[in-house]
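Asks: File follows, structure20.tsv with TSV, C-alpha atoms:
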```tsv
chain	number	residue	atom	x	y	z
A	319	MET	CA	158.27	129.14	46.67
A	320	GLU	CA	157.36	127.78	43.24
A	321	LYS	CA	158.90	129.81	40.44
A	322	VAL	CA	156.39	129.47	37.63
A	323	ALA	CA	156.78	130.51	33.99
A	324	VAL	CA	153.33	130.93	32.43
A	325	LEU	CA	153.61	130.69	28.66
A	326	GLY	CA	150.63	132.53	27.18
A	327	CYS	CA	149.07	135.89	27.91
A	328	GLY	CA	145.53	135.39	26.62
A	329	ASN	CA	142.34	135.02	28.64
A	330	GLY	CA	143.35	131.76	30.28
A	331	GLY	CA	147.02	132.61	30.69
A	332	LYS	CA	146.28	135.85	32.53
A	333	ALA	CA	143.70	134.18	34.77
A	334	VAL	CA	145.99	131.27	35.67
A	335	ALA	CA	148.96	133.59	36.24
A	336	ALA	CA	146.95	135.86	38.52
A	337	GLU	CA	145.66	133.05	40.72
A	338	LEU	CA	149.08	131.37	40.94
A	339	ALA	CA	150.68	134.66	41.99
A	340	TYR	CA	147.88	135.38	44.46
A	341	ASN	CA	148.50	131.96	46.04
A	342	GLY	CA	152.18	132.63	46.60
A	343	ALA	CA	154.02	131.57	43.45
A	344	GLN	CA	156.59	133.81	41.79
A	345	VAL	CA	155.10	134.15	38.31
A	346	ARG	CA	156.72	135.14	35.03
A	347	ILE	CA	154.41	135.57	32.04
A	348	TYR	CA	155.77	135.02	28.54
A	349	GLU	CA	154.09	136.15	25.32
A	350	ALA	CA	155.57	135.34	21.91
A	351	ILE	CA	153.68	138.06	20.00
A	352	PRO	CA	153.49	141.24	22.11
A	353	ASN	CA	150.75	143.79	21.39
A	354	ASP	CA	149.72	147.11	22.96
A	355	ASP	CA	147.83	145.44	25.80
A	356	PHE	CA	150.87	143.30	26.57
A	357	ARG	CA	153.05	146.43	26.77
A	358	LYS	CA	150.59	147.98	29.21
A	359	LEU	CA	150.73	144.84	31.34
A	360	GLN	CA	154.52	144.98	31.30
A	361	GLN	CA	154.28	148.41	32.93
A	362	SER	CA	151.62	147.63	35.54
A	363	ARG	CA	152.45	143.94	36.27
A	364	GLU	CA	149.04	143.62	37.97
A	365	ILE	CA	146.14	141.40	36.93
A	366	LYS	CA	142.62	141.51	38.38
A	367	LEU	CA	140.08	138.71	38.25
A	368	LYS	CA	136.41	139.71	38.49
A	369	GLY	CA	133.18	137.76	38.78
A	370	ALA	CA	133.20	134.23	40.15
A	371	VAL	CA	136.79	134.82	41.36
A	372	GLU	CA	137.73	138.19	42.86
A	373	LEU	CA	141.41	138.93	43.37
A	374	LYS	CA	144.31	141.16	42.38
A	375	ALA	CA	147.86	139.86	41.98
A	376	THR	CA	151.28	141.25	41.15
A	377	ILE	CA	153.25	139.42	38.47
A	378	HIS	CA	157.00	139.13	39.00
A	379	MET	CA	157.92	139.43	35.31
A	380	VAL	CA	156.08	140.05	32.03
A	381	THR	CA	158.37	139.34	29.10
A	382	GLU	CA	158.66	138.36	25.45
A	383	ASP	CA	162.04	136.73	26.21
A	384	LEU	CA	161.38	133.00	26.59
A	385	GLY	CA	164.79	132.35	28.13
A	386	LYS	CA	164.20	134.89	30.89
A	387	ALA	CA	160.82	133.36	31.65
A	388	VAL	CA	162.00	129.75	31.76
A	389	ARG	CA	165.51	129.83	33.26
A	390	GLY	CA	165.39	128.88	36.93
A	391	SER	CA	161.65	128.17	36.90
A	392	THR	CA	160.54	125.10	38.82
A	393	MET	CA	157.25	124.89	36.89
A	394	ILE	CA	156.51	125.82	33.28
A	395	VAL	CA	152.76	126.19	32.78
A	396	VAL	CA	151.68	126.39	29.14
A	397	VAL	CA	148.27	128.07	28.67
A	398	LEU	CA	147.91	128.34	24.91
A	399	PRO	CA	145.57	127.07	22.20
A	400	SER	CA	146.70	123.80	20.63
A	401	PHE	CA	147.62	125.39	17.30
A	402	ALA	CA	150.40	127.31	19.12
A	403	HIS	CA	151.85	124.29	20.94
A	404	GLU	CA	154.26	122.96	18.35
A	405	GLU	CA	156.06	126.25	17.67
A	406	VAL	CA	156.26	127.14	21.37
A	407	PHE	CA	157.46	123.64	22.30
A	408	LYS	CA	160.20	123.80	19.65
A	409	ASN	CA	161.37	127.11	21.13
A	410	LEU	CA	160.99	125.90	24.72
A	411	ILE	CA	162.79	122.55	24.51
A	412	PRO	CA	166.34	123.98	24.15
A	413	TYR	CA	165.79	125.97	27.38
A	414	LEU	CA	164.57	123.04	29.48
A	415	GLU	CA	166.59	122.31	32.62
A	416	GLU	CA	166.96	119.07	34.55
A	417	GLY	CA	164.14	118.58	37.06
A	418	GLN	CA	161.71	121.13	35.62
A	419	HIS	CA	158.01	120.32	35.40
A	420	VAL	CA	155.97	121.25	32.34
A	421	VAL	CA	152.19	121.49	32.82
A	422	VAL	CA	150.01	122.09	29.75
A	423	ILE	CA	146.54	123.59	30.37
A	424	PRO	CA	144.63	122.06	28.63
A	425	GLY	CA	146.87	119.21	27.49
A	426	ASN	CA	145.30	118.05	24.21
A	427	TYR	CA	147.95	115.35	23.61
A	428	ALA	CA	150.82	117.72	24.42
A	429	THR	CA	152.86	114.93	26.03
A	430	PHE	CA	152.95	112.92	22.80
A	431	LEU	CA	153.93	116.02	20.83
A	432	MET	CA	156.62	117.10	23.32
A	433	ARG	CA	158.16	113.63	23.43
A	434	ARG	CA	158.32	113.48	19.64
A	435	LEU	CA	159.88	116.93	19.37
A	436	MET	CA	162.41	116.29	22.14
A	437	LYS	CA	163.48	113.10	20.35
A	438	GLU	CA	163.81	114.91	17.02
A	439	LEU	CA	165.82	117.72	18.63
A	440	GLY	CA	168.05	115.28	20.52
A	441	VAL	CA	167.15	116.71	23.95
A	442	THR	CA	167.24	114.15	26.76
A	443	VAL	CA	167.03	116.42	29.82
A	444	GLY	CA	164.92	114.91	32.61
A	445	VAL	CA	161.59	116.76	32.91
A	446	THR	CA	158.04	115.74	33.71
A	447	LEU	CA	155.15	116.44	31.35
A	448	SER	CA	151.66	116.99	32.77
A	449	GLU	CA	148.30	117.68	31.17
A	450	THR	CA	144.93	118.93	32.39
A	451	VAL	CA	141.60	118.17	30.71
A	452	SER	CA	140.54	121.81	30.36
A	453	LEU	CA	141.07	125.39	31.42
A	454	PRO	CA	140.19	126.06	35.07
A	455	TYR	CA	137.78	128.85	34.09
A	456	ALA	CA	135.07	129.94	31.74
A	457	CYS	CA	136.48	133.43	31.25
A	458	ARG	CA	137.10	136.40	28.98
A	459	ALA	CA	139.60	139.28	29.20
A	460	THR	CA	137.81	142.62	29.41
A	461	SER	CA	140.93	144.81	29.41
A	462	PHE	CA	144.71	144.44	29.38
A	463	ASP	CA	144.80	143.75	33.12
A	464	THR	CA	141.33	142.34	33.90
A	465	VAL	CA	139.75	138.95	33.25
A	466	GLN	CA	136.06	138.30	33.83
A	467	ILE	CA	135.55	134.85	35.37
A	468	TYR	CA	132.08	133.52	34.55
A	469	LYS	CA	132.66	130.37	36.54
A	470	LYS	CA	135.62	128.48	37.96
A	471	LYS	CA	135.63	124.72	37.70
A	472	LEU	CA	135.19	122.90	40.99
A	473	ARG	CA	137.44	119.95	40.14
A	474	MET	CA	139.54	119.01	37.14
A	475	LYS	CA	141.80	116.05	36.32
A	476	LEU	CA	145.57	116.30	35.99
A	477	ALA	CA	148.01	113.51	35.13
A	478	THR	CA	151.76	113.32	34.58
A	479	TRP	CA	154.28	111.43	32.51
A	480	PRO	CA	156.10	109.54	33.91
A	481	VAL	CA	153.18	108.14	35.91
A	482	ALA	CA	155.32	107.74	39.03
A	483	MET	CA	155.34	111.55	39.36
A	484	ASN	CA	151.54	111.89	39.34
A	485	GLY	CA	151.22	112.41	43.09
A	486	GLU	CA	154.05	114.92	43.49
A	487	ILE	CA	152.96	117.17	40.63
A	488	LEU	CA	149.31	116.99	41.73
A	489	ASN	CA	150.25	118.12	45.24
A	490	ARG	CA	152.52	120.92	44.03
A	491	MET	CA	149.94	122.26	41.59
A	492	ASN	CA	147.18	122.10	44.20
A	493	ALA	CA	149.34	124.14	46.56
A	494	ILE	CA	149.10	127.07	44.12
A	495	LEU	CA	145.81	126.34	42.31
A	496	GLU	CA	143.61	124.07	44.40
A	497	ILE	CA	141.35	122.46	41.81
A	498	PHE	CA	143.03	119.28	40.60
A	499	ILE	CA	142.06	115.65	41.08
A	500	PRO	CA	144.23	112.72	39.94
A	501	GLY	CA	143.97	111.29	36.48
A	502	ILE	CA	145.30	107.85	35.56
A	503	ASN	CA	147.69	108.90	32.80
A	504	VAL	CA	148.14	111.57	30.14
A	505	LEU	CA	146.17	109.68	27.48
A	506	GLU	CA	143.13	109.61	29.75
A	507	ILE	CA	143.48	113.37	30.27
A	508	ALA	CA	143.77	114.12	26.55
A	509	MET	CA	140.76	111.95	25.70
A	510	ASP	CA	138.63	113.28	28.56
A	511	ASN	CA	138.55	116.86	27.24
A	512	PRO	CA	134.81	117.42	26.56
A	513	ASN	CA	135.38	120.23	24.06
A	514	PHE	CA	135.42	118.07	20.98
A	515	ILE	CA	132.05	116.64	22.02
A	516	VAL	CA	130.27	119.92	22.84
A	517	HIS	CA	131.92	122.28	20.32
A	518	PRO	CA	132.10	121.03	16.69
A	519	ILE	CA	128.66	119.42	16.22
A	520	PRO	CA	126.59	122.40	17.46
A	521	THR	CA	128.70	124.71	15.30
A	522	LEU	CA	128.64	122.63	12.12
A	523	LEU	CA	124.92	121.84	12.37
A	524	ASN	CA	124.03	125.51	12.89
A	525	VAL	CA	126.16	127.28	10.29
A	526	ALA	CA	123.33	129.35	8.79
A	527	SER	CA	121.97	130.50	12.15
A	528	ILE	CA	125.44	131.48	13.39
A	529	GLU	CA	126.22	133.48	10.25
A	530	LYS	CA	122.91	135.35	10.53
A	531	ASN	CA	123.54	136.30	14.17
A	532	PRO	CA	127.27	135.85	15.03
A	533	LYS	CA	127.39	138.37	17.89
A	534	GLY	CA	124.19	137.22	19.52
A	535	TRP	CA	124.68	133.50	19.08
A	536	ARG	CA	124.88	131.48	22.29
A	537	HIS	CA	126.66	128.28	21.36
A	538	TYR	CA	125.40	126.09	24.19
A	539	ILE	CA	121.91	127.53	24.57
A	540	ASP	CA	121.05	128.18	20.93
A	541	GLY	CA	123.17	125.43	19.39
A	542	ILE	CA	122.35	122.44	21.61
A	543	SER	CA	118.74	121.33	21.11
A	544	PRO	CA	117.35	117.97	22.33
A	545	THR	CA	118.15	116.33	18.99
A	546	VAL	CA	121.65	117.84	18.80
A	547	SER	CA	122.19	116.65	22.37
A	548	ILE	CA	121.43	113.07	21.29
A	549	ALA	CA	124.13	113.37	18.62
A	550	LEU	CA	126.58	114.60	21.25
A	551	HIS	CA	125.87	111.62	23.48
A	552	GLU	CA	126.28	109.21	20.56
A	553	MET	CA	129.66	110.67	19.62
A	554	ASP	CA	130.60	110.62	23.29
A	555	GLN	CA	130.05	106.86	23.33
A	556	GLU	CA	132.51	106.49	20.44
A	557	ARG	CA	135.13	108.36	22.50
A	558	ILE	CA	134.45	106.15	25.51
A	559	MET	CA	134.83	102.98	23.41
A	560	ILE	CA	138.21	104.18	22.11
A	561	GLY	CA	139.29	104.71	25.70
A	562	LYS	CA	138.20	101.18	26.67
A	563	ALA	CA	140.39	99.78	23.88
A	564	PHE	CA	143.37	101.44	25.61
A	565	GLY	CA	142.34	100.26	29.08
A	566	LEU	CA	140.78	103.57	30.13
A	567	ASP	CA	137.45	104.16	31.84
A	568	LEU	CA	136.75	107.65	30.51
A	569	SER	CA	134.20	110.01	32.05
A	570	ASP	CA	131.14	110.65	29.91
A	571	THR	CA	130.79	114.31	28.97
A	572	LEU	CA	127.67	114.92	31.07
A	573	SER	CA	129.47	113.59	34.16
A	574	ALA	CA	132.51	115.73	33.31
A	575	LEU	CA	130.36	118.88	33.16
A	576	LYS	CA	128.85	118.00	36.53
A	577	THR	CA	132.34	117.50	37.96
A	578	PHE	CA	133.43	120.87	36.59
A	579	TYR	CA	130.47	123.01	37.56
A	580	GLY	CA	128.28	121.16	40.07
A	581	ASP	CA	126.04	118.10	40.18
A	582	ASN	CA	122.30	118.15	39.50
A	583	GLU	CA	119.57	115.87	38.16
A	584	ALA	CA	120.11	116.65	34.45
A	585	GLU	CA	119.99	113.51	32.32
A	586	SER	CA	121.34	115.01	29.09
A	587	ILE	CA	123.84	117.60	27.94
A	588	TYR	CA	120.89	119.67	26.71
A	589	GLU	CA	119.34	119.69	30.18
A	590	TYR	CA	122.64	120.49	31.87
A	591	VAL	CA	123.63	123.50	29.74
A	592	ASN	CA	120.20	125.00	30.48
A	593	SER	CA	120.42	124.29	34.22
A	594	ASP	CA	121.33	126.61	37.08
A	595	GLN	CA	124.82	125.09	37.26
A	596	SER	CA	125.63	125.98	33.64
A	597	PRO	CA	128.28	128.69	33.12
A	598	TYR	CA	127.30	129.14	29.49
A	599	LYS	CA	124.05	131.10	29.48
A	600	GLU	CA	125.55	134.57	29.07
A	601	ILE	CA	128.42	133.70	26.73
A	602	PHE	CA	127.62	135.28	23.37
A	603	GLY	CA	129.33	135.33	20.01
A	604	GLN	CA	130.48	132.63	17.64
A	605	ASP	CA	132.36	132.24	14.38
A	606	VAL	CA	131.76	129.38	11.95
A	607	PHE	CA	135.51	129.40	11.27
A	608	GLY	CA	136.52	129.81	14.94
A	609	ARG	CA	138.32	127.59	17.41
A	610	TYR	CA	135.28	125.42	18.22
A	611	VAL	CA	136.00	123.77	14.86
A	612	SER	CA	139.47	124.90	13.77
A	613	GLU	CA	141.08	123.82	17.07
A	614	ASP	CA	138.88	121.03	18.37
A	615	LEU	CA	138.79	119.02	15.14
A	616	PRO	CA	142.53	118.80	14.35
A	617	TYR	CA	143.78	118.61	17.94
A	618	LEU	CA	141.06	116.54	19.67
A	619	ALA	CA	138.86	114.76	17.10
A	620	VAL	CA	141.65	113.76	14.70
A	621	PRO	CA	143.86	112.12	17.38
A	622	ALA	CA	140.80	110.27	18.70
A	623	GLN	CA	140.14	109.05	15.16
A	624	SER	CA	143.79	107.99	14.85
A	625	LEU	CA	143.65	106.02	18.08
A	626	ALA	CA	140.38	104.44	16.94
A	627	ARG	CA	142.05	103.21	13.75
A	628	ILE	CA	144.88	101.65	15.76
A	629	ALA	CA	142.37	99.99	18.09
A	630	GLY	CA	139.91	98.94	15.39
A	631	VAL	CA	137.01	100.98	16.87
A	632	LYS	CA	134.35	102.31	14.49
A	633	THR	CA	133.63	106.05	14.85
A	634	PRO	CA	130.90	107.21	12.42
A	635	TRP	CA	130.17	110.51	14.20
A	636	ILE	CA	133.83	111.43	14.68
A	637	ASP	CA	134.56	110.58	11.04
A	638	LEU	CA	131.57	112.66	9.94
A	639	ILE	CA	132.44	115.86	11.82
A	640	ILE	CA	136.07	115.75	10.65
A	641	ARG	CA	134.90	115.33	7.06
A	642	LEU	CA	132.14	117.97	7.36
A	643	GLY	CA	134.41	120.51	9.06
A	644	SER	CA	137.12	119.90	6.47
A	645	LEU	CA	134.66	120.48	3.61
A	646	ILE	CA	133.12	123.63	5.11
A	647	HIS	CA	136.50	125.12	6.01
A	648	HIS	CA	138.19	123.87	2.82
A	649	ARG	CA	140.97	122.39	4.90
A	650	ASP	CA	142.03	118.78	5.35
A	651	TYR	CA	141.92	118.52	9.13
A	652	GLN	CA	142.81	114.84	9.14
A	653	LYS	CA	146.02	115.59	7.26
A	654	LYS	CA	146.84	118.81	9.16
A	655	GLY	CA	145.82	117.61	12.60
A	656	TYR	CA	147.31	115.33	15.24
A	657	ASN	CA	147.25	112.13	13.21
A	658	GLU	CA	149.39	109.10	14.06
A	659	ALA	CA	152.56	110.53	12.49
A	660	HIS	CA	152.18	113.92	14.17
A	661	LEU	CA	151.82	112.28	17.58
A	662	GLY	CA	154.80	110.03	16.90
A	663	ILE	CA	152.79	106.80	17.24
A	664	ASP	CA	152.52	105.83	13.56
A	665	ASP	CA	154.84	102.83	14.04
A	666	MET	CA	153.34	101.75	17.39
A	667	SER	CA	150.79	99.06	18.18
A	668	LEU	CA	147.92	99.42	20.64
A	669	GLU	CA	149.90	97.49	23.27
A	670	GLU	CA	153.01	99.63	22.73
A	671	ILE	CA	150.98	102.82	23.24
A	672	LYS	CA	149.44	101.39	26.41
A	673	ALA	CA	152.93	100.56	27.69
A	674	LEU	CA	154.17	104.07	26.84
A	675	ILE	CA	151.48	105.93	28.77
A	676	LEU	CA	151.91	103.64	31.79
A	677	ASN	CA	155.69	104.25	31.90
```
What is this file in structure tokens?
Replies:
Amino acid sequence: MEKVAVLGCGNGGKAVAAELAYNGAQVRIYEAIPNDDFRKLQQSREIKLKGAVELKATIHMVTEDLGKAVRGSTMIVVVLPSFAHEEVFKNLIPYLEEGQHVVVIPGNYATFLMRRLMKELGVTVGVTLSETVSLPYACRATSFDTVQIYKKKLRMKLATWPVAMNGEILNRMNAILEIFIPGINVLEIAMDNPNFIVHPIPTLLNVASIEKNPKGWRHYIDGISPTVSIALHEMDQERIMIGKAFGLDLSDTLSALKTFYGDNEAESIYEYVNSDQSPYKEIFGQDVFGRYVSEDLPYLAVPAQSLARIAGVKTPWIDLIIRLGSLIHHRDYQKKGYNEAHLGIDDMSLEEIKALILN
């Protein structure tokens, strides 16, 4: 039996924990900042998934004690927004035990960050670090013990560092959450996250409309017009060219959406999000200052820009959205985000980074 510590008790964390437990894992959920709903879950220890996935599962432990969650776990599954990664990783690293496997959902360059922090903290324990390209679900918690699943992804890439452990971790994760397909390496996984293509541009180009109707705004349906879709495809090509510089054949975002939610004849992102396969039609509500900009720019766009600089790839759209988001939010995302220094690659060449991810 896999003993899995799930770090994070938000929408995604609850959904992942419930399905892992339902599929036979012993699950311990950890939350760093308990609230009233968390206390209720501590009492009931049951989570229900409704909608596209229907199940009820009992959680072995619900705790705010990180040590209790992690000690003796075979897998540590981190399901948290990127802005929480660094603090949680700093707290987690001293508890790591030889042979444990850390899986970050979604990864968003977590392997680079964890390696840098482990080096700074002087921790050399042997663990594997894995990343996924996204959350398994489009979902939203509707109560302390219930998560509405709008759609579950059909397939999703996972890769591991060191690369030699790819197959073992893929098999073990599929035994308790059968969704994963093999990625090449963790850099491919981090760069293949489609969020920084489909989130910032529609938000930043529709600021006035969002502010006039924040509760009724449908990001994908109202925010992605044919012209906006063209911009998304153009920025997507910049991402793909960065990947090629590092020896990666990245999926284009339209193909990634089809992999996640089902193939069809759509020829653009605009056509796909309006198709029958789209999970986005009934997802309402948006915030100009929300995670579609405040998370996806610093933790996805900025590292892509950093890698582009190292590789000598020009990225006019990526540069533009980082600058525009920084101006609108009055925050320097390039400085605050995952730049070269934050990822621990500021003194590395392109070839050295390629060698690192292939280790």
Asks: List as a PDB file with C-alpha atoms, keeping the file's coordinate frame the protein and nucleic acid residues near A:Ile601, meaning an atom at most 9 Å away when all atoms listed in the file are counted, but skip any in the same chain fewer than 2 places from it.
Replies:
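What landed in around-v5.pdb:
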```pdb
ATOM      1  CA  TYR A 468     132.080 133.520  34.550  1.00  0.00           C
ATOM      2  CA  TRP A 535     124.680 133.500  19.080  1.00  0.00           C
ATOM      3  CA  ARG A 536     124.880 131.480  22.290  1.00  0.00           C
ATOM      4  CA  HIS A 537     126.660 128.280  21.360  1.00  0.00           C
ATOM      5  CA  TYR A 538     125.400 126.090  24.190  1.00  0.00           C
ATOM      6  CA  PRO A 597     128.280 128.690  33.120  1.00  0.00           C
ATOM      7  CA  TYR A 598     127.300 129.140  29.490  1.00  0.00           C
ATOM      8  CA  LYS A 599     124.050 131.100  29.480  1.00  0.00           C
ATOM      9  CA  GLY A 603     129.330 135.330  20.010  1.00  0.00           C
TER      10      GLY A 603
END
```
Asks: Could you state the separation of atom CA of A:Arg627 and atom CA of A:Leu661 in Å, given to one decimal place?
Replies: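 For atom CA of A:Arg627 relative to atom CA of A:Leu661, the distance reads 13.9 Å.
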Asks: Which of these residues is nearest to A:Asn329, using all atoms listed in the file: A:Met432, A:Ile423, A:Leu439, A:Cys457?
Replies: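 For A:Asn329, the nearest of the candidates is A:Cys457.
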Asks: Counting all atoms listed in the file, which residue out of A:Leu435, A:Ala323, A:Ala456, A:Val420 sits closest to A:Gly369?
Replies: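 Among the listed residues, the smallest separation from A:Gly369 belongs to A:Ala456.
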Asks: In Å, how far is it from atom CA of A:Val421 to atom CA of A:Thr478?
Replies: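 According to the coordinates, atom CA of A:Val421 and atom CA of A:Thr478 are separated by 8.4 Å.
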Asks: Considering all atoms listed in the file, state which residue in the set A:Ile539, A:Leu476, A:Leu625, A:Ile636 is at the smallest distance from A:Arg490.
Replies: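 Looking only at the distances to A:Arg490, the closest residue turns out to be A:Leu476.
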Asks: Looking at all atoms listed in the file, which of A:Leu618, A:His378, A:Glu600, A:Gly534 is the one that sits closest to A:Gly425?
Replies: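 The closest residue to A:Gly425 is A:Leu618.
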Asks: Env of stretch 642-645 of chain A: 10 Å cut, atoms = only C-alpha atoms, seq-sep filter 6 positions within chain, self excluded. Answer as a PyMOL selection string.
Replies: chain A and resi 518-519+521-523+606-607+611-612+615-616+636+651-653
Asks: Let me see the file: selected residues, C-alpha atoms, as an mmCIF file, keeping the file's coordinate frame.
Replies:
```cif
data_model
loop_
_atom_site.group_PDB
_atom_site.id
_atom_site.type_symbol
_atom_site.label_atom_id
_atom_site.label_comp_id
_atom_site.auth_asym_id
_atom_site.auth_seq_id
_atom_site.Cartn_x
_atom_site.Cartn_y
_atom_site.Cartn_z
ATOM 1 C CA PRO A 518 132.100 121.030 16.690
ATOM 2 C CA ILE A 519 128.660 119.420 16.220
ATOM 3 C CA THR A 521 128.700 124.710 15.300
ATOM 4 C CA LEU A 522 128.640 122.630 12.120
ATOM 5 C CA LEU A 523 124.920 121.840 12.370
ATOM 6 C CA VAL A 606 131.760 129.380 11.950
ATOM 7 C CA PHE A 607 135.510 129.400 11.270
ATOM 8 C CA VAL A 611 136.000 123.770 14.860
ATOM 9 C CA SER A 612 139.470 124.900 13.770
ATOM 10 C CA LEU A 615 138.790 119.020 15.140
ATOM 11 C CA PRO A 616 142.530 118.800 14.350
ATOM 12 C CA ILE A 636 133.830 111.430 14.680
ATOM 13 C CA TYR A 651 141.920 118.520 9.130
ATOM 14 C CA GLN A 652 142.810 114.840 9.140
ATOM 15 C CA LYS A 653 146.020 115.590 7.260
#
```
Asks: Can you write out as CSV which residues of stretch 463-543 of chain A fall within 8 Å of stretch 563-584 of chain A, alongside each residue's closest atom pair and its distance in Å to one decimal, counting only C-alpha atoms and ordering rows by chain and ascending residue number?
Replies:
```
residue,atom,partner,partner_atom,distance
A:Lys469,CA,A:Tyr579,CA,7.7
A:Lys470,CA,A:Tyr579,CA,7.5
A:Lys471,CA,A:Phe578,CA,4.6
A:Leu472,CA,A:Phe578,CA,5.2
A:Arg473,CA,A:Phe578,CA,5.4
A:Met474,CA,A:Phe578,CA,6.4
A:Glu506,CA,A:Leu566,CA,6.5
A:Met509,CA,A:Leu568,CA,7.6
A:Asp510,CA,A:Leu568,CA,6.2
A:Pro512,CA,A:Thr571,CA,5.6
A:Ile515,CA,A:Thr571,CA,7.4
```
